[in-house]
Amino acid sequence: MSNILDKIITDKRREVALKKNIIPVSQLESFALFNRKTVSLAKNLSNSHTGIIAEHKRRSPSRSVINQGLNVADIALGYEKAGVSGMSVLTDGKYFGGSLDDLLLARSVTGIPLLRKEFIIDEYQLLEARAHGADVILLIAAVLSREEIKSLSEFAKSLSLDVLLEIHNEEELHRSVMPSLDMLGVNNRNLKTFEVSIDTSKQLAEIIPDDFVKVSESGISNTEVIRDLRQYGYKGFLVGENFMKTEDPGQSASAFIKKLEE
Ligand SMILES: O=C(O)c1ccccc1NCC(=O)[C@H](O)[C@H](O)COP(=O)(O)O
């Protein structure tokens, strides 16, 4: 595990332990959104022309400030209008400036599939995701054992949530593949050096079993990259900073998608 992931996970364990005492599971289960019918991102990506999963991210360990001044609901509306297949909402506060309220606000204005982008280490966070309007959760192979991936993904499926498993290399892929996953995401960002290489997606593409929807994550800054990655079987493309660094992320996503459709 890299240093930054070590730090994030240490903080996350503490945060989850504290939150469990403040909002018990029974309370999360009583949230109005808890029994909402979810929408499958995996199905959307399989049927979509663009496959764009547009992210809401205010800051990050690799880039510090990206965009602090915008309203998440406006961005969600803009992304939906642009025709994205789904939206990713970072809910980590300390490292990314996000929150569960961001997820709730995005859900209040849009029906598109929402991914809770979080460092999931505990079933409690899946219940939180469900209660705040998520359709999809992320599991990161670099911070979880095979047993943890199995129990968390099976619990997510029991809550009707799609599961996106993120990998960075062949070892993570081989030890993580299992039927309770819907999508396999290759993160092009090396979380030790923060260097981004689209070649990571290309190299891992052929060993990802066809049963899973392939998603390429991070460092996607132009439509040519997407055209190229489609040749490798990718159906989903997670784009954060490229949209979020602009004054109007929805408008940027719209222009990007129009170019992709030309
Ligand atoms: O973005 C980071 O710096 C980062 C650091 C440590 C762990 C995760 C990190 N990012 C989360 C993501 O997966 C990206 O936000 C997402 O793939 C979008 O990437 P980009 O289009 O490059 O903003």
# chains A, B, ... in the order shown; residues from 1 in each chain; ligands from 1
$ residues_near_ligand --ligand "ligand 1" --cutoff "7 Å" --atoms "only C-alpha atoms and all ligand atoms" --output "mmCIF file with C-alpha atoms, in the first residue's frame"
data_model
loop_
_atom_site.group_PDB
_atom_site.id
_atom_site.type_symbol
_atom_site.label_atom_id
_atom_site.label_comp_id
_atom_site.auth_asym_id
_atom_site.auth_seq_id
_atom_site.Cartn_x
_atom_site.Cartn_y
_atom_site.Cartn_z
ATOM 1 C CA ILE A 4 -1.051 8.284 0.955
ATOM 2 C CA LEU A 5 -3.395 5.281 0.885
ATOM 3 C CA GLU A 55 -16.819 13.174 -11.426
ATOM 4 C CA LYS A 57 -14.012 16.437 -7.096
ATOM 5 C CA SER A 60 -7.220 15.714 -4.422
ATOM 6 C CA PRO A 61 -3.892 14.562 -2.973
ATOM 7 C CA SER A 62 -2.276 14.804 -6.413
ATOM 8 C CA ARG A 63 -3.642 18.238 -7.357
ATOM 9 C CA ASN A 187 -6.881 3.308 -12.410
ATOM 10 C CA LEU A 191 -1.077 6.163 -6.229
ATOM 11 C CA PHE A 194 0.644 10.105 -8.842
ATOM 12 C CA GLU A 217 -10.170 5.758 -14.620
ATOM 13 C CA SER A 218 -8.046 8.913 -14.236
ATOM 14 C CA GLY A 219 -6.001 11.133 -16.501
ATOM 15 C CA ILE A 220 -8.491 11.129 -19.372
ATOM 16 C CA LEU A 238 -14.146 8.106 -15.447
ATOM 17 C CA VAL A 239 -13.287 11.761 -15.990
ATOM 18 C CA GLY A 240 -12.737 14.123 -13.054
ATOM 19 C CA GLU A 241 -10.244 16.932 -13.229
ATOM 20 C CA ASN A 242 -10.646 17.594 -16.950
#
$ residues_around --residues "Gln251 (chain A)" --least-positions-apart "4" --cutoff "9 Å" --atoms "only C-alpha atoms" --output "JSON, numbers by chain"
{"A": [78, 79, 81, 82, 243, 246, 247, 255, 256]}
$ write_last_selection --atoms "N, CA and C atoms" --output "PDB file, in the first residue's frame"
ATOM      1  N   GLY A  78     -25.855  19.756 -14.856  1.00  0.00           N
ATOM      2  CA  GLY A  78     -25.066  19.981 -16.077  1.00  0.00           C
ATOM      3  C   GLY A  78     -24.578  18.671 -16.678  1.00  0.00           C
ATOM      4  N   TYR A  79     -24.117  17.770 -15.813  1.00  0.00           N
ATOM      5  CA  TYR A  79     -23.629  16.473 -16.307  1.00  0.00           C
ATOM      6  C   TYR A  79     -24.782  15.674 -16.933  1.00  0.00           C
ATOM      7  N   LYS A  81     -27.541  16.836 -18.248  1.00  0.00           N
ATOM      8  CA  LYS A  81     -27.912  17.480 -19.513  1.00  0.00           C
ATOM      9  C   LYS A  81     -26.902  17.158 -20.623  1.00  0.00           C
ATOM     10  N   ALA A  82     -25.640  17.017 -20.223  1.00  0.00           N
ATOM     11  CA  ALA A  82     -24.591  16.718 -21.213  1.00  0.00           C
ATOM     12  C   ALA A  82     -24.732  15.303 -21.775  1.00  0.00           C
ATOM     13  N   PHE A 243     -12.996  17.985 -16.350  1.00  0.00           N
ATOM     14  CA  PHE A 243     -14.241  18.764 -16.307  1.00  0.00           C
ATOM     15  C   PHE A 243     -14.228  19.732 -15.121  1.00  0.00           C
ATOM     16  N   THR A 246     -12.688  23.403 -14.909  1.00  0.00           N
ATOM     17  CA  THR A 246     -13.274  24.486 -15.689  1.00  0.00           C
ATOM     18  C   THR A 246     -14.358  25.214 -14.876  1.00  0.00           C
ATOM     19  N   GLU A 247     -14.782  26.370 -15.381  1.00  0.00           N
ATOM     20  CA  GLU A 247     -15.805  27.149 -14.658  1.00  0.00           C
ATOM     21  C   GLU A 247     -17.177  26.487 -14.708  1.00  0.00           C
ATOM     22  N   ALA A 255     -19.492  19.628 -24.253  1.00  0.00           N
ATOM     23  CA  ALA A 255     -18.632  19.846 -25.430  1.00  0.00           C
ATOM     24  C   ALA A 255     -17.803  18.584 -25.716  1.00  0.00           C
ATOM     25  N   PHE A 256     -17.345  17.944 -24.644  1.00  0.00           N
ATOM     26  CA  PHE A 256     -16.526  16.729 -24.763  1.00  0.00           C
ATOM     27  C   PHE A 256     -17.348  15.619 -25.443  1.00  0.00           C
TER      28      PHE A 256
END
$ select_by_dssp --residues "region 26-205 of chain A" --states "helix (DSSP H, G or I)" --output "ChimeraX atom specification"
/A:26-29,32-35,41-47,72-82,100-109,123-131,141-143,146-158,170-176,199-205
$ residues_around --residues "region 50-52 of chain A" --least-positions-apart "2" --cutoff "6 Å" --atoms "only C-alpha atoms" --output "PyMOL selection string"
chain A and resi 45+48+54+84-85+235-237
$ closest_residue --among "A:Thr223, A:Ser145, A:Asn44, A:Ser160" --to "Ser176 (chain A)" --atoms "only C-alpha atoms"
A:Ser145
$ residues_around --residues "Asp248 (chain A)" --least-positions-apart "4" --cutoff "9 Å" --atoms "only C-alpha atoms" --output "MDAnalysis selection string"
chainID A and resid 70 75 78 243:244 252:253
$ closest_residue --among "A:Leu90, A:Glu170, A:Glu261, A:Arg14" --to "Asp122 (chain A)" --atoms "only C-alpha atoms"
A:Arg14
$ residues_around --residues "Val65 (chain A)" --least-positions-apart "5" --cutoff "10 Å" --atoms "only C-alpha atoms" --output "ChimeraX atom specification"
/A:57-60,96-97,245
$ write_last_selection --atoms "N, CA and C atoms" --output "CSV table (one decimal), in the first residue's frame"
chain,number,residue,atom,x,y,z
A,57,LYS,N,-15.2,16.5,-7.9
A,57,LYS,CA,-14.0,16.4,-7.1
A,57,LYS,C,-13.5,17.8,-6.9
A,58,ARG,N,-13.5,18.3,-5.6
A,58,ARG,CA,-13.0,19.7,-5.3
A,58,ARG,C,-11.5,19.8,-5.3
A,59,ARG,N,-10.9,18.8,-4.6
A,59,ARG,CA,-9.5,18.8,-4.5
A,59,ARG,C,-9.0,17.3,-4.4
A,60,SER,N,-7.7,17.1,-4.5
A,60,SER,CA,-7.2,15.7,-4.4
A,60,SER,C,-5.8,15.7,-3.9
A,96,PHE,N,-10.3,15.1,-0.1
A,96,PHE,CA,-11.0,15.4,-1.4
A,96,PHE,C,-12.0,16.6,-1.2
A,97,GLY,N,-12.2,17.0,0.0
A,97,GLY,CA,-13.2,18.1,0.2
A,97,GLY,C,-14.6,17.7,-0.1
A,245,LYS,N,-11.9,21.3,-13.5
A,245,LYS,CA,-11.0,22.4,-13.4
A,245,LYS,C,-11.6,23.6,-14.2
$ residues_around --residues "region 17-33 of chain A" --least-positions-apart "6" --cutoff "9 Å" --atoms "only C-alpha atoms" --output "ChimeraX atom specification"
/A:124,127-128,130-133
$ write_last_selection --atoms "C-alpha atoms" --output "compact mmCIF listing (two decimals), in the first residue's frame"
# COMPACT_ATOMS: atom_id res chain seq x y z
CA TYR A 124 -21.48 0.68 7.42
CA LEU A 127 -25.45 1.48 4.24
CA GLU A 128 -24.51 5.18 4.21
CA ARG A 130 -27.63 3.50 0.08
CA ALA A 131 -29.19 6.00 2.50
CA HIS A 132 -27.73 8.99 0.61
CA GLY A 133 -28.89 7.97 -2.86
